[in-house]
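Data file: input-v6.pdb. Format and content: PDB, C-alpha atoms.
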```
ATOM      1  CA  MET A   1     -64.577  26.860  15.308  1.00  0.00           C
ATOM      2  CA  LYS A   2     -61.890  24.671  16.814  1.00  0.00           C
ATOM      3  CA  ILE A   3     -58.492  26.382  16.699  1.00  0.00           C
ATOM      4  CA  ILE A   4     -55.624  23.908  16.826  1.00  0.00           C
ATOM      5  CA  LEU A   5     -52.643  26.223  16.350  1.00  0.00           C
ATOM      6  CA  GLU A   6     -52.159  29.968  16.710  1.00  0.00           C
ATOM      7  CA  ALA A   7     -49.096  32.183  17.025  1.00  0.00           C
ATOM      8  CA  ILE A   8     -47.950  35.777  16.815  1.00  0.00           C
ATOM      9  CA  VAL A   9     -46.157  36.265  13.510  1.00  0.00           C
ATOM     10  CA  GLY A  10     -44.616  39.157  11.593  1.00  0.00           C
ATOM     11  CA  SER A  11     -42.015  41.543  12.967  1.00  0.00           C
ATOM     12  CA  THR A  12     -42.684  40.524  16.571  1.00  0.00           C
ATOM     13  CA  ALA A  13     -41.893  36.884  15.824  1.00  0.00           C
ATOM     14  CA  TYR A  14     -38.868  37.868  13.725  1.00  0.00           C
ATOM     15  CA  GLY A  15     -37.407  40.027  16.498  1.00  0.00           C
ATOM     16  CA  LEU A  16     -37.647  43.115  14.269  1.00  0.00           C
ATOM     17  CA  SER A  17     -40.532  44.957  15.911  1.00  0.00           C
ATOM     18  CA  ASN A  18     -40.582  48.466  17.343  1.00  0.00           C
ATOM     19  CA  GLU A  19     -43.085  50.576  19.265  1.00  0.00           C
ATOM     20  CA  ASN A  20     -45.089  51.194  16.070  1.00  0.00           C
ATOM     21  CA  SER A  21     -45.335  47.555  15.023  1.00  0.00           C
ATOM     22  CA  ASP A  22     -48.711  45.844  14.823  1.00  0.00           C
ATOM     23  CA  ILE A  23     -49.445  42.471  16.383  1.00  0.00           C
ATOM     24  CA  ASP A  24     -50.366  39.946  13.692  1.00  0.00           C
ATOM     25  CA  LYS A  25     -51.472  36.380  14.291  1.00  0.00           C
ATOM     26  CA  ILE A  26     -51.994  33.326  12.107  1.00  0.00           C
ATOM     27  CA  GLY A  27     -53.802  30.164  13.083  1.00  0.00           C
ATOM     28  CA  ILE A  28     -55.241  26.876  11.899  1.00  0.00           C
ATOM     29  CA  TYR A  29     -58.770  25.723  12.638  1.00  0.00           C
ATOM     30  CA  ILE A  30     -60.703  22.550  11.956  1.00  0.00           C
ATOM     31  CA  ALA A  31     -64.152  22.427  10.438  1.00  0.00           C
ATOM     32  CA  PRO A  32     -66.199  19.378  11.525  1.00  0.00           C
ATOM     33  CA  THR A  33     -65.759  16.525   9.086  1.00  0.00           C
ATOM     34  CA  LYS A  34     -69.543  16.313   8.545  1.00  0.00           C
ATOM     35  CA  ASP A  35     -69.449  19.917   7.301  1.00  0.00           C
ATOM     36  CA  ILE A  36     -66.543  19.150   4.977  1.00  0.00           C
ATOM     37  CA  LEU A  37     -68.576  16.297   3.446  1.00  0.00           C
ATOM     38  CA  SER A  38     -71.785  18.284   3.142  1.00  0.00           C
ATOM     39  CA  LEU A  39     -73.011  20.437   0.252  1.00  0.00           C
ATOM     40  CA  HIS A  40     -72.546  23.551   2.363  1.00  0.00           C
ATOM     41  CA  LYS A  41     -68.793  23.810   2.635  1.00  0.00           C
ATOM     42  CA  PRO A  42     -67.342  25.861   5.495  1.00  0.00           C
ATOM     43  CA  LYS A  43     -65.129  28.852   4.858  1.00  0.00           C
ATOM     44  CA  GLU A  44     -61.498  28.000   4.212  1.00  0.00           C
ATOM     45  CA  THR A  45     -60.178  31.290   5.582  1.00  0.00           C
ATOM     46  CA  ILE A  46     -61.496  33.560   8.331  1.00  0.00           C
ATOM     47  CA  VAL A  47     -59.994  36.997   8.950  1.00  0.00           C
ATOM     48  CA  TYR A  48     -60.428  39.248  11.974  1.00  0.00           C
ATOM     49  CA  ASN A  49     -59.160  42.796  12.465  1.00  0.00           C
ATOM     50  CA  LYS A  50     -57.905  44.612  15.538  1.00  0.00           C
ATOM     51  CA  PRO A  51     -56.027  42.500  16.290  1.00  0.00           C
ATOM     52  CA  ASP A  52     -55.238  41.150  12.834  1.00  0.00           C
ATOM     53  CA  ILE A  53     -55.748  37.380  12.856  1.00  0.00           C
ATOM     54  CA  THR A  54     -55.973  35.046   9.869  1.00  0.00           C
ATOM     55  CA  TYR A  55     -57.207  31.495  10.358  1.00  0.00           C
ATOM     56  CA  HIS A  56     -56.996  28.836   7.650  1.00  0.00           C
ATOM     57  CA  GLU A  57     -59.002  25.631   7.725  1.00  0.00           C
ATOM     58  CA  VAL A  58     -56.578  22.750   8.138  1.00  0.00           C
ATOM     59  CA  GLU A  59     -56.956  21.405   4.597  1.00  0.00           C
ATOM     60  CA  LYS A  60     -56.266  24.785   3.012  1.00  0.00           C
ATOM     61  CA  TYR A  61     -53.376  25.290   5.394  1.00  0.00           C
ATOM     62  CA  VAL A  62     -51.859  21.974   4.329  1.00  0.00           C
ATOM     63  CA  ARG A  63     -52.176  22.878   0.640  1.00  0.00           C
ATOM     64  CA  LEU A  64     -50.413  26.205   1.158  1.00  0.00           C
ATOM     65  CA  ALA A  65     -47.718  24.662   3.338  1.00  0.00           C
ATOM     66  CA  MET A  66     -46.938  22.020   0.699  1.00  0.00           C
ATOM     67  CA  ASN A  67     -46.170  24.914  -1.671  1.00  0.00           C
ATOM     68  CA  CYS A  68     -43.768  26.265   0.979  1.00  0.00           C
ATOM     69  CA  ASN A  69     -45.612  29.555   1.295  1.00  0.00           C
ATOM     70  CA  PRO A  70     -43.301  31.453   3.704  1.00  0.00           C
ATOM     71  CA  THR A  71     -46.003  33.071   5.835  1.00  0.00           C
ATOM     72  CA  ILE A  72     -47.781  29.731   6.154  1.00  0.00           C
ATOM     73  CA  LEU A  73     -44.797  27.435   6.600  1.00  0.00           C
ATOM     74  CA  GLU A  74     -43.204  29.437   9.409  1.00  0.00           C
ATOM     75  CA  LEU A  75     -46.185  28.728  11.673  1.00  0.00           C
ATOM     76  CA  LEU A  76     -44.851  25.185  12.125  1.00  0.00           C
ATOM     77  CA  PHE A  77     -41.441  26.456  13.291  1.00  0.00           C
ATOM     78  CA  MET A  78     -42.402  28.985  15.963  1.00  0.00           C
ATOM     79  CA  ASP A  79     -40.618  29.222  19.308  1.00  0.00           C
ATOM     80  CA  LYS A  80     -43.927  29.637  21.130  1.00  0.00           C
ATOM     81  CA  TYR A  81     -47.647  29.441  20.478  1.00  0.00           C
ATOM     82  CA  GLU A  82     -50.722  31.206  21.777  1.00  0.00           C
ATOM     83  CA  ILE A  83     -52.756  28.035  21.185  1.00  0.00           C
ATOM     84  CA  ILE A  84     -51.526  24.502  20.535  1.00  0.00           C
ATOM     85  CA  THR A  85     -53.616  21.327  20.652  1.00  0.00           C
ATOM     86  CA  GLU A  86     -52.969  17.664  19.969  1.00  0.00           C
ATOM     87  CA  GLU A  87     -53.855  18.186  16.303  1.00  0.00           C
ATOM     88  CA  GLY A  88     -51.615  21.242  16.040  1.00  0.00           C
ATOM     89  CA  GLN A  89     -48.723  19.270  17.483  1.00  0.00           C
ATOM     90  CA  MET A  90     -49.359  16.528  14.931  1.00  0.00           C
ATOM     91  CA  LEU A  91     -48.672  19.035  12.151  1.00  0.00           C
ATOM     92  CA  ILE A  92     -45.590  20.410  13.895  1.00  0.00           C
ATOM     93  CA  ASP A  93     -44.244  16.882  14.274  1.00  0.00           C
ATOM     94  CA  ILE A  94     -44.300  16.371  10.480  1.00  0.00           C
ATOM     95  CA  ARG A  95     -43.198  19.881   9.495  1.00  0.00           C
ATOM     96  CA  LYS A  96     -40.211  18.600   7.519  1.00  0.00           C
ATOM     97  CA  ALA A  97     -42.577  16.550   5.352  1.00  0.00           C
ATOM     98  CA  PHE A  98     -43.728  19.849   3.808  1.00  0.00           C
ATOM     99  CA  LEU A  99     -40.245  20.933   2.741  1.00  0.00           C
ATOM    100  CA  ASN A 100     -39.296  20.623  -0.921  1.00  0.00           C
ATOM    101  CA  THR A 101     -37.352  22.440  -3.627  1.00  0.00           C
ATOM    102  CA  THR A 102     -40.271  24.803  -4.242  1.00  0.00           C
ATOM    103  CA  ILE A 103     -38.399  26.885  -1.652  1.00  0.00           C
ATOM    104  CA  TYR A 104     -36.093  28.138  -4.417  1.00  0.00           C
ATOM    105  CA  ASN A 105     -39.063  30.010  -5.890  1.00  0.00           C
ATOM    106  CA  SER A 106     -41.361  30.611  -2.915  1.00  0.00           C
ATOM    107  CA  TYR A 107     -38.573  32.220  -0.896  1.00  0.00           C
ATOM    108  CA  GLY A 108     -35.785  33.266  -3.279  1.00  0.00           C
ATOM    109  CA  GLY A 109     -37.779  33.809  -6.449  1.00  0.00           C
ATOM    110  CA  TYR A 110     -40.428  35.874  -4.707  1.00  0.00           C
ATOM    111  CA  ALA A 111     -37.819  37.929  -2.856  1.00  0.00           C
ATOM    112  CA  ILE A 112     -35.802  38.851  -5.964  1.00  0.00           C
ATOM    113  CA  GLN A 113     -38.968  39.796  -7.883  1.00  0.00           C
ATOM    114  CA  GLN A 114     -40.030  42.136  -5.097  1.00  0.00           C
ATOM    115  CA  ALA A 115     -36.552  43.666  -4.838  1.00  0.00           C
ATOM    116  CA  ARG A 116     -36.549  44.396  -8.560  1.00  0.00           C
ATOM    117  CA  LYS A 117     -39.976  46.034  -8.226  1.00  0.00           C
ATOM    118  CA  LEU A 118     -38.531  48.379  -5.626  1.00  0.00           C
ATOM    119  CA  ASN A 119     -35.846  49.358  -8.118  1.00  0.00           C
ATOM    120  CA  ARG A 120     -38.403  50.091 -10.836  1.00  0.00           C
ATOM    121  CA  ARG A 121     -40.296  52.407  -8.510  1.00  0.00           C
ATOM    122  CA  GLY A 122     -37.344  54.751  -8.499  1.00  0.00           C
ATOM    123  CA  HIS A 123     -35.257  56.535  -5.874  1.00  0.00           C
ATOM    124  CA  SER A 124     -37.515  59.387  -4.783  1.00  0.00           C
ATOM    125  CA  PHE A 125     -39.652  58.712  -1.713  1.00  0.00           C
ATOM    126  CA  ASP A 126     -41.437  60.831   0.847  1.00  0.00           C
ATOM    127  CA  SER A 127     -40.942  59.761   4.460  1.00  0.00           C
ATOM    128  CA  SER A 128     -43.955  57.422   4.651  1.00  0.00           C
ATOM    129  CA  VAL A 129     -43.093  55.661   1.387  1.00  0.00           C
ATOM    130  CA  LYS A 130     -39.440  55.458   2.436  1.00  0.00           C
ATOM    131  CA  ASN A 131     -40.458  53.621   5.616  1.00  0.00           C
ATOM    132  CA  ARG A 132     -42.492  51.137   3.597  1.00  0.00           C
ATOM    133  CA  HIS A 133     -39.590  50.696   1.186  1.00  0.00           C
ATOM    134  CA  GLU A 134     -37.200  49.895   4.039  1.00  0.00           C
ATOM    135  CA  LYS A 135     -39.650  47.454   5.603  1.00  0.00           C
ATOM    136  CA  HIS A 136     -40.205  45.709   2.276  1.00  0.00           C
ATOM    137  CA  ALA A 137     -36.474  45.477   1.603  1.00  0.00           C
ATOM    138  CA  ARG A 138     -35.924  43.893   5.022  1.00  0.00           C
ATOM    139  CA  HIS A 139     -38.730  41.443   4.331  1.00  0.00           C
ATOM    140  CA  CYS A 140     -37.124  40.355   1.050  1.00  0.00           C
ATOM    141  CA  PHE A 141     -33.674  39.955   2.582  1.00  0.00           C
ATOM    142  CA  ARG A 142     -35.068  37.955   5.500  1.00  0.00           C
ATOM    143  CA  LEU A 143     -36.800  35.581   3.089  1.00  0.00           C
ATOM    144  CA  LEU A 144     -33.515  34.927   1.321  1.00  0.00           C
ATOM    145  CA  ILE A 145     -31.771  34.175   4.622  1.00  0.00           C
ATOM    146  CA  GLN A 146     -34.531  31.894   5.852  1.00  0.00           C
ATOM    147  CA  GLY A 147     -34.841  30.139   2.495  1.00  0.00           C
ATOM    148  CA  THR A 148     -31.119  29.431   2.646  1.00  0.00           C
ATOM    149  CA  GLN A 149     -31.485  27.870   6.090  1.00  0.00           C
ATOM    150  CA  LEU A 150     -34.370  25.675   4.926  1.00  0.00           C
ATOM    151  CA  LEU A 151     -32.437  24.425   1.894  1.00  0.00           C
ATOM    152  CA  LYS A 152     -29.266  23.721   3.841  1.00  0.00           C
ATOM    153  CA  GLU A 153     -30.494  22.659   7.284  1.00  0.00           C
ATOM    154  CA  HIS A 154     -34.122  21.613   6.684  1.00  0.00           C
ATOM    155  CA  ASN A 155     -34.965  23.835   9.627  1.00  0.00           C
ATOM    156  CA  LEU A 156     -36.116  27.395  10.198  1.00  0.00           C
ATOM    157  CA  SER A 157     -35.270  30.008  12.815  1.00  0.00           C
ATOM    158  CA  VAL A 158     -38.289  32.303  12.643  1.00  0.00           C
ATOM    159  CA  ARG A 159     -36.615  34.750  15.013  1.00  0.00           C
ATOM    160  CA  VAL A 160     -33.773  36.076  12.874  1.00  0.00           C
ATOM    161  CA  LEU A 161     -30.270  35.323  14.077  1.00  0.00           C
ATOM    162  CA  ASP A 162     -28.768  38.683  13.061  1.00  0.00           C
ATOM    163  CA  PRO A 163     -31.403  41.453  13.294  1.00  0.00           C
ATOM    164  CA  ARG A 164     -28.827  44.217  12.824  1.00  0.00           C
ATOM    165  CA  ALA A 165     -27.785  42.872   9.410  1.00  0.00           C
ATOM    166  CA  ILE A 166     -31.402  42.917   8.228  1.00  0.00           C
ATOM    167  CA  MET A 167     -32.060  46.394   9.615  1.00  0.00           C
ATOM    168  CA  ASP A 168     -28.912  47.708   7.922  1.00  0.00           C
ATOM    169  CA  PHE A 169     -29.976  46.162   4.625  1.00  0.00           C
ATOM    170  CA  GLY A 170     -33.246  48.095   4.726  1.00  0.00           C
ATOM    171  CA  GLU A 171     -31.329  51.367   5.010  1.00  0.00           C
ATOM    172  CA  LEU A 172     -29.357  50.907   1.773  1.00  0.00           C
ATOM    173  CA  ASP A 173     -30.298  53.117  -1.139  1.00  0.00           C
ATOM    174  CA  VAL A 174     -32.344  51.405  -3.842  1.00  0.00           C
ATOM    175  CA  GLU A 175     -29.546  50.805  -6.348  1.00  0.00           C
ATOM    176  CA  GLU A 176     -27.133  49.436  -3.767  1.00  0.00           C
ATOM    177  CA  MET A 177     -29.847  47.281  -2.242  1.00  0.00           C
ATOM    178  CA  VAL A 178     -30.817  45.714  -5.574  1.00  0.00           C
ATOM    179  CA  ASN A 179     -27.187  45.111  -6.582  1.00  0.00           C
ATOM    180  CA  ARG A 180     -26.565  43.397  -3.255  1.00  0.00           C
ATOM    181  CA  PHE A 181     -29.717  41.370  -3.675  1.00  0.00           C
ATOM    182  CA  GLU A 182     -28.747  40.217  -7.157  1.00  0.00           C
ATOM    183  CA  GLU A 183     -25.420  38.966  -5.773  1.00  0.00           C
ATOM    184  CA  GLU A 184     -27.066  37.190  -2.839  1.00  0.00           C
ATOM    185  CA  TYR A 185     -29.699  35.673  -5.109  1.00  0.00           C
ATOM    186  CA  LYS A 186     -27.027  34.097  -7.354  1.00  0.00           C
ATOM    187  CA  ILE A 187     -25.537  32.466  -4.263  1.00  0.00           C
ATOM    188  CA  PHE A 188     -28.987  31.331  -3.177  1.00  0.00           C
ATOM    189  CA  ARG A 189     -29.779  29.703  -6.524  1.00  0.00           C
ATOM    190  CA  ALA A 190     -26.465  27.856  -6.427  1.00  0.00           C
ATOM    191  CA  ILE A 191     -27.206  26.176  -3.093  1.00  0.00           C
ATOM    192  CA  GLN A 192     -27.104  22.404  -3.289  1.00  0.00           C
ATOM    193  CA  THR A 193     -29.883  20.779  -1.294  1.00  0.00           C
ATOM    194  CA  ASN A 194     -31.044  17.229  -0.732  1.00  0.00           C
ATOM    195  CA  LEU A 195     -34.639  18.288  -0.211  1.00  0.00           C
ATOM    196  CA  PRO A 196     -37.065  16.363  -2.436  1.00  0.00           C
ATOM    197  CA  LYS A 197     -38.790  17.945  -5.412  1.00  0.00           C
ATOM    198  CA  GLU A 198     -42.175  17.320  -3.823  1.00  0.00           C
ATOM    199  CA  PRO A 199     -43.546  17.231  -0.283  1.00  0.00           C
ATOM    200  CA  ASP A 200     -44.126  13.911   1.462  1.00  0.00           C
ATOM    201  CA  TYR A 201     -47.748  13.584   0.365  1.00  0.00           C
ATOM    202  CA  LYS A 202     -48.300  10.227   2.081  1.00  0.00           C
ATOM    203  CA  THR A 203     -47.190  11.404   5.519  1.00  0.00           C
ATOM    204  CA  ILE A 204     -49.127  14.672   5.258  1.00  0.00           C
ATOM    205  CA  ASN A 205     -52.281  12.971   4.005  1.00  0.00           C
ATOM    206  CA  ASN A 206     -52.182  10.372   6.778  1.00  0.00           C
ATOM    207  CA  VAL A 207     -51.983  13.091   9.416  1.00  0.00           C
ATOM    208  CA  LEU A 208     -54.793  15.076   7.780  1.00  0.00           C
ATOM    209  CA  LEU A 209     -57.000  12.003   7.811  1.00  0.00           C
ATOM    210  CA  LYS A 210     -56.233  11.375  11.471  1.00  0.00           C
ATOM    211  CA  ILE A 211     -57.173  14.970  12.274  1.00  0.00           C
ATOM    212  CA  ARG A 212     -60.454  14.520  10.394  1.00  0.00           C
ATOM    213  CA  GLU A 213     -61.187  11.300  12.296  1.00  0.00           C
ATOM    214  CA  ILE A 214     -60.675  13.071  15.627  1.00  0.00           C
ATOM    215  CA  ASN A 215     -63.061  15.869  14.634  1.00  0.00           C
ATOM    216  CA  VAL A 216     -66.034  14.112  13.073  1.00  0.00           C
TER     217      VAL A 216
END
```
Rendering of file as structure tokens:
Amino acid sequence: MKIILEAIVGSTAYGLSNENSDIDKIGIYIAPTKDILSLHKPKETIVYNKPDITYHEVEKYVRLAMNCNPTILELLFMDKYEIITEEGQMLIDIRKAFLNTTIYNSYGGYAIQQARKLNRRGHSFDSSVKNRHEKHARHCFRLLIQGTQLLKEHNLSVRVLDPRAIMDFGELDVEEMVNRFEEEYKIFRAIQTNLPKEPDYKTINNVLLKIREINV
């Protein structure tokens, strides 16, 4: 398995980790082109535990990134990488080709749905559930902030610019958190962006083909 890109993601990458945080990694690998063309297709995703690492085959990765999947897309905007090859850099170089208005739903839409789920679960938590609630609330708020940056600047700061604001948001009670989220989501939906409605399929496809040619 040829790994072309790998990075530490999650709370460590966001600058929100603590002594109890796990180390999570995501990467991209390339299956030989002859295997892709054969009847016996290689796995598209490989997962390892301890440490937790998820690898996506490059074609699957590209499909997910074109849908602006937050966990997938951020891999192309990291400050540093554990592994980076020529092919990985080729994807980083065209990262803006993946950006499109799907971000309104993949970032904002997902975040508001999850925030509303927290509200439906009620206000009574034991300590372990409360910790998960706070973490989930921070995750939703971070997505809204990062989605805003992508829509406005066509760029992404994976390491959050104001960690304290996100930590404070996670400590709000459920009702206050959801009310705040509803207000922020209205602002998010009103953002004017000049991102296209679709990714740049031609540019992405050309790079994918070049990667396949290199790895026959």
Test item: residues at most 8 Å from A:Lys96, only C-alpha atoms, excluding those fewer than 2 positions along its chain, as a count of residues only: 5
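Distances to A:Leu91 were evaluated for A:Cys68, A:Ala13, A:Ile8, A:Val58 using only C-alpha atoms, and the minimum falls at A:Val58.
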Residues selected by the PyMOL selection byres ((chain A and resi 168-176) around 7), written as a list in words: Asn119, His123, Glu134, Lys135, Ala137, Arg138, Arg164, Ala165, Ile166, Met167, Met177, Val178, Asn179 and Arg180 of chain A
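Separating atom CA of A:Ile4 from atom CA of A:Leu161 is a distance of 27.9 Å.
With only C-alpha atoms as the atoms that count, the residue of A:Ala31, A:Leu5, A:Val47, A:Leu37 with the shortest distance to A:Ile214 is A:Ala31.
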Neighbour residues at most 9 Å from (-53.4, 22.0, 16.8) (only C-alpha atoms) as a ChimeraX atom specification: /A:2-6,27-30,83-92
Residues of the last selection are to be written out with C-alpha atoms, as a PDB file, in the coordinates of the input.
```pdb
ATOM      1  CA  LYS A   2     -61.890  24.671  16.814  1.00  0.00           C
ATOM      2  CA  ILE A   3     -58.492  26.382  16.699  1.00  0.00           C
ATOM      3  CA  ILE A   4     -55.624  23.908  16.826  1.00  0.00           C
ATOM      4  CA  LEU A   5     -52.643  26.223  16.350  1.00  0.00           C
ATOM      5  CA  GLU A   6     -52.159  29.968  16.710  1.00  0.00           C
ATOM      6  CA  GLY A  27     -53.802  30.164  13.083  1.00  0.00           C
ATOM      7  CA  ILE A  28     -55.241  26.876  11.899  1.00  0.00           C
ATOM      8  CA  TYR A  29     -58.770  25.723  12.638  1.00  0.00           C
ATOM      9  CA  ILE A  30     -60.703  22.550  11.956  1.00  0.00           C
ATOM     10  CA  ILE A  83     -52.756  28.035  21.185  1.00  0.00           C
ATOM     11  CA  ILE A  84     -51.526  24.502  20.535  1.00  0.00           C
ATOM     12  CA  THR A  85     -53.616  21.327  20.652  1.00  0.00           C
ATOM     13  CA  GLU A  86     -52.969  17.664  19.969  1.00  0.00           C
ATOM     14  CA  GLU A  87     -53.855  18.186  16.303  1.00  0.00           C
ATOM     15  CA  GLY A  88     -51.615  21.242  16.040  1.00  0.00           C
ATOM     16  CA  GLN A  89     -48.723  19.270  17.483  1.00  0.00           C
ATOM     17  CA  MET A  90     -49.359  16.528  14.931  1.00  0.00           C
ATOM     18  CA  LEU A  91     -48.672  19.035  12.151  1.00  0.00           C
ATOM     19  CA  ILE A  92     -45.590  20.410  13.895  1.00  0.00           C
TER      20      ILE A  92
END
```
